[in-house]
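Novice: My file is my_file22.cif. It has mmCIF, C-alpha atoms:
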data_target
#
loop_
_atom_site.label_atom_id
_atom_site.label_comp_id
_atom_site.auth_asym_id
_atom_site.auth_seq_id
_atom_site.Cartn_x
_atom_site.Cartn_y
_atom_site.Cartn_z
CA MET A 1 0.00 0.00 0.00
CA SER A 2 1.38 3.39 -0.98
CA HIS A 3 1.80 6.15 1.58
CA LYS A 4 -0.86 8.76 1.94
CA LYS A 5 0.70 11.89 0.46
CA ASP A 6 -0.95 15.28 0.04
CA CYS A 7 -4.35 13.94 1.03
CA ILE A 8 -7.43 16.05 1.43
CA LEU A 9 -10.54 15.05 3.30
CA PHE A 10 -13.34 13.80 1.06
CA MET A 11 -15.74 12.82 3.83
CA GLY A 12 -15.50 12.28 7.56
CA TYR A 13 -17.71 11.27 10.45
CA SER A 14 -17.26 10.99 14.17
CA GLY A 15 -20.05 10.30 16.62
CA TYR A 16 -22.69 7.68 17.20
CA PHE A 17 -22.35 4.70 14.84
CA SER A 18 -25.64 3.06 13.90
CA GLN A 19 -27.40 1.53 10.90
CA ALA A 20 -29.52 4.68 10.53
CA ILE A 21 -26.40 6.85 10.41
CA ILE A 22 -24.66 4.67 7.84
CA GLN A 23 -27.72 4.85 5.57
CA ALA A 24 -27.62 8.65 5.72
CA LEU A 25 -23.87 8.75 5.14
CA ILE A 26 -24.03 6.35 2.21
CA ALA A 27 -26.82 8.40 0.65
CA GLY A 28 -24.62 11.50 1.00
CA LEU A 29 -21.59 9.69 -0.33
CA GLU A 30 -23.52 8.51 -3.39
CA ILE A 31 -24.48 12.12 -4.18
CA GLN A 32 -20.92 13.33 -3.70
CA ILE A 33 -19.51 10.52 -5.87
CA LYS A 34 -22.06 11.20 -8.59
CA ASP A 35 -21.21 14.90 -8.43
CA ILE A 36 -17.56 14.28 -9.32
CA GLU A 37 -18.48 11.64 -11.94
CA GLU A 38 -16.23 9.00 -10.40
CA SER A 39 -16.12 5.63 -12.19
CA ARG A 40 -18.75 3.13 -11.06
CA THR A 41 -16.18 0.49 -10.24
CA ILE A 42 -14.28 2.83 -7.94
CA ALA A 43 -17.56 4.15 -6.49
CA LYS A 44 -18.69 0.62 -5.71
CA ARG A 45 -15.39 -0.18 -4.00
CA LEU A 46 -15.71 2.96 -1.92
CA TYR A 47 -19.25 2.10 -0.81
CA VAL A 48 -18.37 -1.48 0.07
CA SER A 49 -15.23 -0.46 1.99
CA PHE A 50 -17.05 2.31 3.83
CA ILE A 51 -19.91 -0.01 4.81
CA GLU A 52 -17.60 -2.82 5.92
CA LEU A 53 -15.43 -0.53 8.06
CA PHE A 54 -18.41 1.33 9.49
CA GLN A 55 -20.14 -1.91 10.51
CA ASN A 56 -16.86 -3.16 11.93
CA ILE A 57 -16.89 -0.19 14.27
CA MET A 58 -20.55 -0.86 15.13
CA LYS A 59 -19.64 -4.44 15.97
CA TYR A 60 -16.43 -4.02 17.93
CA SER A 61 -16.36 -0.57 19.45
CA LYS A 62 -18.24 -1.01 22.70
CA LYS A 63 -20.00 2.08 23.99
CA ASP A 64 -18.72 1.37 27.49
CA TYR A 65 -15.25 2.09 26.25
CA ILE A 66 -15.97 5.47 24.78
CA ASP A 67 -14.81 8.48 26.73
CA ASN A 68 -16.14 10.93 24.19
CA ASN A 69 -17.58 11.03 20.71
CA GLU A 70 -14.18 11.49 19.14
CA SER A 71 -13.19 7.98 20.13
CA GLU A 72 -14.60 6.50 16.92
CA LYS A 73 -14.23 7.96 13.48
CA ILE A 74 -14.32 7.07 9.83
CA LEU A 75 -12.67 9.12 7.11
CA ILE A 76 -12.40 9.11 3.36
CA GLU A 77 -9.34 10.99 2.15
CA GLN A 78 -7.98 11.32 -1.35
CA ASN A 79 -4.99 12.43 -3.33
CA SER A 80 -4.39 12.36 -7.07
CA GLU A 81 -3.73 8.61 -7.05
CA SER A 82 -6.06 7.01 -4.52
CA TYR A 83 -8.87 7.17 -2.03
CA TYR A 84 -8.13 6.05 1.53
CA VAL A 85 -10.94 4.91 3.80
CA THR A 86 -9.85 4.83 7.46
CA ALA A 87 -11.73 3.57 10.49
CA ILE A 88 -10.41 4.32 13.98
CA ASN A 89 -11.86 2.87 17.14
CA ASN A 90 -11.04 1.39 20.52
CA ILE A 91 -11.41 -2.36 20.72
CA ASP A 92 -11.00 -4.92 23.50
CA ASN A 93 -7.83 -6.96 23.23
CA GLU A 94 -9.69 -10.27 23.04
CA SER A 95 -11.51 -9.22 19.85
CA LEU A 96 -8.32 -7.69 18.52
CA SER A 97 -6.46 -10.97 19.06
CA LYS A 98 -8.82 -12.57 16.48
CA MET A 99 -8.55 -9.72 13.99
CA GLU A 100 -4.84 -8.96 14.13
CA PRO A 101 -3.62 -12.24 12.55
CA ILE A 102 -6.09 -11.70 9.70
CA LEU A 103 -4.92 -8.12 9.18
CA VAL A 104 -1.32 -9.36 9.04
CA ASP A 105 -2.39 -12.18 6.71
CA LEU A 106 -3.91 -9.71 4.25
CA ASN A 107 -0.51 -8.14 3.65
CA GLU A 108 1.12 -11.47 2.91
CA LEU A 109 -1.44 -12.99 0.52
CA ASN A 110 -1.93 -12.11 -3.12
CA LYS A 111 -5.35 -11.36 -4.64
CA ASP A 112 -6.00 -14.94 -5.72
CA GLU A 113 -5.10 -16.27 -2.28
CA ILE A 114 -7.33 -13.67 -0.62
CA THR A 115 -10.27 -14.60 -2.89
CA LYS A 116 -9.67 -18.29 -2.19
CA LYS A 117 -9.68 -17.65 1.57
CA TYR A 118 -12.76 -15.45 1.25
CA ASN A 119 -14.66 -18.17 -0.60
CA GLU A 120 -13.55 -20.80 1.93
CA LEU A 121 -14.92 -18.66 4.76
CA ARG A 122 -18.19 -18.10 2.90
CA ARG A 123 -18.53 -21.84 2.47
CA SER A 124 -17.57 -22.79 6.03
CA GLY A 125 -19.46 -19.99 7.71
CA GLU A 126 -16.51 -19.27 9.96
CA ASN A 127 -15.55 -15.73 10.84
CA THR A 128 -18.72 -14.11 9.67
CA HIS A 129 -19.75 -10.77 11.16
CA ASP A 130 -21.44 -12.66 13.98
CA ASN A 131 -18.33 -14.56 14.76
CA GLY A 132 -15.05 -12.75 14.41
CA GLY A 133 -15.35 -10.31 11.52
CA GLY A 134 -12.81 -12.11 9.36
CA ILE A 135 -14.85 -12.48 6.22
CA GLY A 136 -15.39 -8.71 6.16
CA LEU A 137 -11.67 -8.08 6.32
CA TYR A 138 -11.06 -10.41 3.37
CA GLN A 139 -13.90 -8.66 1.54
CA LEU A 140 -12.10 -5.34 2.11
CA ALA A 141 -8.89 -6.77 0.69
CA ARG A 142 -10.69 -8.12 -2.39
CA LYS A 143 -12.31 -4.79 -3.15
CA SER A 144 -9.26 -2.62 -2.61
CA ASP A 145 -5.62 -2.07 -3.47
CA GLY A 146 -4.33 -2.64 0.04
CA VAL A 147 -5.36 -2.84 3.67
CA SER A 148 -3.04 -1.50 6.37
CA HIS A 149 -3.50 -1.20 10.10
CA GLU A 150 -2.00 0.40 13.19
CA ILE A 151 -2.49 -0.64 16.78
CA GLU A 152 -1.87 1.46 19.87
CA ARG A 153 -2.07 -0.37 23.19
CA LEU A 154 -4.21 1.41 25.78
CA GLU A 155 -5.01 0.68 29.41
CA ASN A 156 -7.76 -1.58 30.77
CA GLY A 157 -7.41 -4.33 28.17
CA LEU A 158 -8.12 -2.02 25.25
CA SER A 159 -6.30 -1.02 22.11
CA ARG A 160 -6.86 1.70 19.55
CA LEU A 161 -7.18 0.16 16.10
CA SER A 162 -6.85 2.03 12.85
CA ILE A 163 -7.59 0.24 9.56
CA THR A 164 -6.96 1.97 6.24
CA VAL A 165 -8.17 0.70 2.88
CA GLN A 166 -6.62 2.08 -0.30
CA ILE A 167 -8.65 2.31 -3.50
CA SER A 168 -6.58 3.33 -6.48
CA LYS A 169 -7.88 5.82 -9.02
CA LEU A 170 -5.34 4.59 -11.54
CA GLY A 171 -6.59 1.77 -13.74
CA GLU A 172 -6.76 -1.84 -12.73
CA LYS A 173 -6.38 -3.14 -9.23
CA LYS A 174 -3.00 -4.66 -8.49
CA MET B 175 -47.70 -28.34 0.56
CA SER B 176 -48.56 -24.80 -0.51
CA TYR B 177 -46.21 -21.90 -0.29
CA GLU B 178 -46.95 -18.27 0.39
CA ASN B 179 -45.18 -16.19 -2.19
CA ILE B 180 -42.76 -13.72 -0.65
CA PHE B 181 -42.59 -10.08 -1.64
CA ILE B 182 -40.54 -7.60 0.38
CA GLU B 183 -40.15 -4.04 -0.84
CA LYS B 184 -36.62 -2.73 -1.10
CA SER B 185 -35.36 -0.36 1.57
CA LEU B 186 -32.22 1.78 1.70
CA HIS B 187 -30.25 -1.18 3.00
CA THR B 188 -32.23 -4.30 2.06
CA PRO B 189 -33.06 -5.57 -1.43
CA GLU B 190 -36.45 -6.20 -2.99
CA ILE B 191 -37.38 -9.85 -2.63
CA ASP B 192 -39.86 -11.37 -5.07
CA PHE B 193 -40.17 -15.14 -4.61
CA ASN B 194 -42.97 -16.74 -6.60
CA PHE B 195 -42.98 -20.42 -5.76
CA GLU B 196 -45.79 -21.43 -8.12
CA SER B 197 -44.16 -19.91 -11.21
CA GLY B 198 -40.61 -20.71 -10.07
CA LEU B 199 -39.42 -17.14 -10.50
CA PHE B 200 -37.18 -15.70 -7.83
CA LYS B 201 -35.72 -12.19 -7.78
CA ILE B 202 -33.39 -10.33 -5.43
CA GLU B 203 -32.71 -6.74 -6.42
CA GLY B 204 -31.18 -3.68 -4.77
CA LYS B 205 -28.65 -2.98 -2.02
CA SER B 206 -27.96 -5.33 0.83
CA TYR B 207 -26.02 -4.05 3.82
CA SER B 208 -28.30 -4.54 6.78
CA GLU B 209 -26.78 -4.85 10.23
CA ASN B 210 -28.97 -7.92 10.76
CA THR B 211 -28.37 -9.66 7.48
CA PHE B 212 -28.96 -13.16 8.76
CA GLU B 213 -32.32 -12.25 10.26
CA PHE B 214 -33.34 -10.86 6.88
CA TYR B 215 -32.20 -13.83 4.79
CA LYS B 216 -32.91 -16.70 7.18
CA PRO B 217 -36.67 -16.97 6.39
CA LEU B 218 -35.85 -16.88 2.67
CA LEU B 219 -33.30 -19.67 3.05
CA THR B 220 -35.72 -21.75 5.11
CA SER B 221 -38.49 -21.34 2.51
CA LEU B 222 -36.18 -22.20 -0.37
CA GLU B 223 -34.82 -25.26 1.37
CA SER B 224 -38.34 -26.53 2.04
CA TYR B 225 -39.41 -25.71 -1.54
CA PHE B 226 -36.55 -27.67 -3.07
CA GLU B 227 -37.40 -30.67 -0.89
CA GLY B 228 -41.14 -30.52 -1.71
CA ASP B 229 -43.32 -31.57 -4.65
CA LEU B 230 -44.34 -28.17 -6.05
CA VAL B 231 -41.00 -27.49 -7.70
CA LYS B 232 -41.12 -30.89 -9.42
CA GLU B 233 -44.20 -29.77 -11.36
CA LEU B 234 -42.15 -27.07 -13.10
CA GLU B 235 -39.91 -27.35 -16.13
CA ILE B 236 -37.86 -24.27 -15.36
CA VAL B 237 -36.93 -22.39 -12.22
CA GLU B 238 -35.29 -19.01 -12.67
CA PHE B 239 -33.30 -16.93 -10.21
CA SER B 240 -32.31 -13.32 -10.95
CA PHE B 241 -29.84 -11.42 -8.82
CA ASN B 242 -29.39 -7.72 -9.45
CA LEU B 243 -27.49 -6.31 -6.50
CA THR B 244 -26.00 -2.84 -6.59
CA TYR B 245 -23.70 -3.60 -3.67
CA PHE B 246 -23.69 -5.73 -0.56
CA ASN B 247 -21.76 -6.23 2.66
CA SER B 248 -19.79 -9.34 3.57
CA SER B 249 -22.52 -10.91 5.69
CA SER B 250 -24.96 -10.50 2.78
CA SER B 251 -22.35 -12.13 0.61
CA LYS B 252 -22.38 -15.11 2.97
CA ALA B 253 -26.20 -15.25 2.81
CA LEU B 254 -26.14 -15.14 -0.99
CA PHE B 255 -23.54 -17.89 -0.94
CA ASP B 256 -25.96 -19.99 1.13
CA ILE B 257 -28.72 -19.40 -1.44
CA PHE B 258 -26.41 -20.54 -4.25
CA ASP B 259 -25.50 -23.55 -2.12
CA LEU B 260 -29.17 -24.56 -1.84
CA ILE B 261 -29.66 -24.14 -5.58
CA SER B 262 -26.51 -26.13 -6.27
CA ASN B 263 -27.67 -29.02 -4.08
CA PHE B 264 -31.02 -29.04 -5.87
CA VAL B 265 -29.36 -29.07 -9.30
CA GLU B 266 -27.07 -31.93 -8.29
CA ASP B 267 -29.92 -34.01 -6.82
CA GLN B 268 -32.25 -34.01 -9.81
CA SER B 269 -32.31 -33.46 -13.58
CA ASP B 270 -35.99 -32.91 -14.39
CA VAL B 271 -36.15 -29.21 -13.59
CA ASP B 272 -33.94 -26.77 -15.47
CA VAL B 273 -32.47 -24.07 -13.30
CA THR B 274 -31.53 -20.72 -14.79
CA ILE B 275 -29.50 -18.23 -12.77
CA ASN B 276 -29.04 -14.67 -13.97
CA TRP B 277 -26.46 -12.39 -12.35
CA LEU B 278 -27.26 -8.91 -13.63
CA TYR B 279 -24.64 -6.22 -13.25
CA ASP B 280 -23.95 -2.68 -14.34
CA GLU B 281 -21.67 -3.14 -17.35
CA ASP B 282 -19.63 -0.12 -16.24
CA ASP B 283 -18.99 -1.77 -12.89
CA GLU B 284 -16.41 -4.53 -13.10
CA SER B 285 -16.59 -5.05 -9.34
CA SER B 286 -20.15 -6.38 -9.63
CA GLN B 287 -19.14 -8.62 -12.54
CA GLU B 288 -16.33 -10.03 -10.38
CA ASP B 289 -18.84 -10.87 -7.66
CA GLY B 290 -20.84 -12.94 -10.13
CA GLU B 291 -17.68 -14.66 -11.38
CA ASP B 292 -16.72 -15.50 -7.79
CA PHE B 293 -20.03 -17.25 -7.23
CA GLN B 294 -19.61 -19.11 -10.51
CA ASP B 295 -16.11 -20.24 -9.50
CA SER B 296 -17.47 -21.56 -6.23
CA PHE B 297 -20.25 -23.70 -7.73
CA ASP B 298 -19.21 -25.98 -10.57
CA SER B 299 -22.69 -27.46 -10.94
CA LEU B 300 -24.30 -24.08 -11.65
CA ASN B 301 -24.34 -22.15 -14.88
CA ILE B 302 -24.59 -18.52 -13.79
CA LYS B 303 -25.36 -16.20 -16.68
CA LEU B 304 -23.50 -12.92 -16.24
CA ILE B 305 -25.60 -10.25 -17.90
CA GLY B 306 -24.28 -6.71 -18.26
CA ILE B 307 -27.05 -4.12 -18.32
#
Starting from the file, lay out its structure as structure tokens.

Specialist:
Amino acid sequence: MSHKKDCILFMGYSGYFSQAIIQALIAGLEIQIKDIEESRTIAKRLYVSFIELFQNIMKYSKKDYIDNNESEKILIEQNSESYYVTAINNIDNESLSKMEPILVDLNELNKDEITKKYNELRRSGENTHDNGGGIGLYQLARKSDGVSHEIERLENGLSRLSITVQISKLGEKK
Amino acid sequence: MSYENIFIEKSLHTPEIDFNFESGLFKIEGKSYSENTFEFYKPLLTSLESYFEGDLVKELEIVEFSFNLTYFNSSSSKALFDIFDLISNFVEDQSDVDVTINWLYDEDDESSQEDGEDFQDSFDSLNIKLIGI
């Protein structure tokens, strides 16, 4: 995944994460995307990445852990080459211990291997949203040009997790 | 056994469902990114499973499924996979009823085409028609 250089904010949200909010944000994003006449393939990848990361926050960021509304956020940034969708939230270390190996895995597998793993998980039913979130992470990798993450260890068994998905504006996916 | 046809209007985050058991025409169309995907699809899966095991479907020559999904989240993807799995089992277990599966996609959206190809790659017994519109 390339570094984020000279990025500007395309869309950002911090606050309460719910299904109602995501519907409103997606509706707004669709209008904004249509406004700039972005390609439908890139638009679709943006929607899918945004939804997957947003629902990941809904699933794993427990309200009990939130000190203030700025604890959770989702951003879409862009530069001339790519969009970057980033989700930042606190997560308990037990949930993180299931996600972290998958996030590492995503950087070591090629597209075909990721698709193979994704289809295996769909068939087995393991690591669905109700049970570990893994299939969503593989979905993100399939629909993007790279998934990176950062982890900051916090107190009380928590960590701050940041996941960034890159969607290239330049031709075919890698 | 009779079946109640299923029609569910599309919402911002759930697709239109039009399941007509008597005619053998099944349609899923729209966006699918509900938070409770499995609750939405579970009754559909249960009905389809029962339908494929019953006698009504055996009276038909053709059963047709049409999928036209703008985009969907990963848990919807799993639910769709389960639908294809039921269809695949039915196709493998009998040869009297022809099963047609249409995967409709925006021809300017290669991502949607890839989704259809992925389902095709996962089910050798199915012939999924990829139709750009």

Novice: Closest to Gly146 (chain A) among A:Asn79, A:Gln55, A:Asn89, A:Thr164, using all atoms listed in the file?

Specialist: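 For Gly146 (chain A), the nearest of the candidates is A:Thr164.
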
Novice: Expand the PyMOL selection byres ((chain B) within 6 of (chain A)) into the individual residues it matches in the shown file, reporting them as number ranges by chain.

Specialist: B: 248, 252, 283-285

Novice: List as a list in words the protein and nucleic acid residues near Glu77 (chain A), meaning an atom at most 8 Å away when only C-alpha atoms are counted, but skip any in the same chain fewer than 6 places from it.

Specialist: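 In the requested form, the answer reads Cys7, Ile8, Leu9, Phe10, Met11, Tyr83, Tyr84 and Val85 of chain A.
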
Novice: Please dump the current selection as an mmCIF file, in the coordinates of the input; keep C-alpha atoms.

Specialist:
data_model
loop_
_atom_site.group_PDB
_atom_site.id
_atom_site.type_symbol
_atom_site.label_atom_id
_atom_site.label_comp_id
_atom_site.auth_asym_id
_atom_site.auth_seq_id
_atom_site.Cartn_x
_atom_site.Cartn_y
_atom_site.Cartn_z
ATOM 1 C CA CYS A 7 -4.350 13.940 1.030
ATOM 2 C CA ILE A 8 -7.430 16.050 1.430
ATOM 3 C CA LEU A 9 -10.540 15.050 3.300
ATOM 4 C CA PHE A 10 -13.340 13.800 1.060
ATOM 5 C CA MET A 11 -15.740 12.820 3.830
ATOM 6 C CA TYR A 83 -8.870 7.170 -2.030
ATOM 7 C CA TYR A 84 -8.130 6.050 1.530
ATOM 8 C CA VAL A 85 -10.940 4.910 3.800
#

Novice: Tell me, as a CSV table (one decimal) with C-alpha atoms, keeping the file's coordinate frame, which residues lie within 12 Å of Glu213 (chain B), counting all atoms listed in the file; anything in the same chain fewer than 6 positions away does not count.

Specialist:
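The resulting part05.csv:
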chain,number,residue,atom,x,y,z
A,130,ASP,CA,-21.4,-12.7,14.0
B,188,THR,CA,-32.2,-4.3,2.1
B,219,LEU,CA,-33.3,-19.7,3.0
B,220,THR,CA,-35.7,-21.8,5.1
B,249,SER,CA,-22.5,-10.9,5.7
B,250,SER,CA,-25.0,-10.5,2.8
B,253,ALA,CA,-26.2,-15.2,2.8

Novice: What gap, in Å, lies between CA of Glu233 (chain B) and CA of Phe264 (chain B)?

Specialist: 14.3 Å

Novice: Just checking: using all atoms listed in the file, which residue out of B:Asn301, B:Asn179, B:Ser224, B:Asn242 ends up closest to Gly204 (chain B)?

Specialist: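 The shortest atom-to-atom distance to Gly204 (chain B) comes from B:Asn242.
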
Novice: Report the distance between CA of Ser197 (chain B) and CA of Glu223 (chain B) in Å, rounded to one decimal place.

Specialist: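 One can read the CA of Ser197 (chain B) to CA of Glu223 (chain B) distance as 16.6 Å.
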
Novice: Tell me which protein, DNA and RNA residues are within 9 Å of Val273 (chain B), counting only C-alpha atoms, leaving out same-chain ones fewer than 2 positions away, and put them as a list in words.

Specialist: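 Answer for this query is Glu235, Ile236, Val237, Glu238, Phe239, Ile261, Val265, Val271, Ile275, Leu300 and Asn301 of chain B.
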
Novice: Could you tell me how far CA of Leu254 (chain B) sits from CA of Lys169 (chain A), in Å to one decimal place?

Specialist: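 Straight-line distance from CA of Lys169 (chain A) to CA of Leu254 (chain B) works out to 28.9 Å.
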
Novice: Just so the selection is clear, what residues does the PyMOL selection byres ((chain B and resi 299) around 12) cover here, as a list in words?

Specialist: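 Here the PyMOL selection byres ((chain B and resi 299) around 12) matches Phe258, Asp259, Leu260, Ile261, Ser262, Asn263, Phe264, Val265, Glu266, Asp267, Gln268, Ser269, Val273, Thr274, Ile275, Phe293, Gln294, Asp295, Ser296, Phe297, Asp298, Leu300, Asn301 and Ile302 of chain B.
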
Novice: Could you write out as a VMD selection string the residues that the PyMOL selection byres ((chain B and resi 230) around 10) matches in the shown file?

Specialist: chain B and resid 175 to 177 195 to 198 225 to 229 231 to 234

Novice: Given the choices B:Glu288, B:Pro217, B:Ser206, B:Asp280, which gets closest to Ser251 (chain B) if the distance is worked out from only C-alpha atoms?

Specialist: B:Ser206

Novice: Determine the axis-aligned bounding box of all atoms of region 22-32 of chain A present in the file, pad each side by 8 Å, and express its centre and edge lengths in Å to one decimal place as AutoDock Vina command-line options.

Specialist:
--center_x -24.3 --center_y 9.0 --center_z 1.8 --size_x 22.8 --size_y 24.7 --size_z 28.0

Novice: Give as JSON, numbers by chain every residue, naming chains and numbers as the document does, that has an atom within 9 Å of (-9.2, -6.2, 14.4), counting only C-alpha atoms.

Specialist: {"A": [56, 60, 91, 93, 95, 96, 97, 98, 99, 100, 101, 102, 103, 132, 133, 134, 137, 149, 161, 162, 163]}

Novice: Give the answer as one residue: which of B:Ile257, B:Glu291, B:Ser185, B:Asp282 has the shortest atom-to-atom distance to Glu38 (chain A), using only C-alpha atoms?

Specialist: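 The closest residue to Glu38 (chain A) is B:Asp282.
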
Novice: Which residue is closest to Asn107 (chain A)? Choose from A:Leu154, A:Glu30, A:Phe54, A:Ser148 and count all atoms listed in the file.

Specialist: A:Ser148

Novice: For each of B:Tyr215, B:Asp289, B:Leu222, B:Ser208, take the minimum atom-to-atom distance to Phe193 (chain B), counting only C-alpha atoms, then give the residue where this is smallest.

Specialist: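 Between B:Tyr215, B:Asp289, B:Leu222, B:Ser208, the residue approaching Phe193 (chain B) most closely is B:Leu222.
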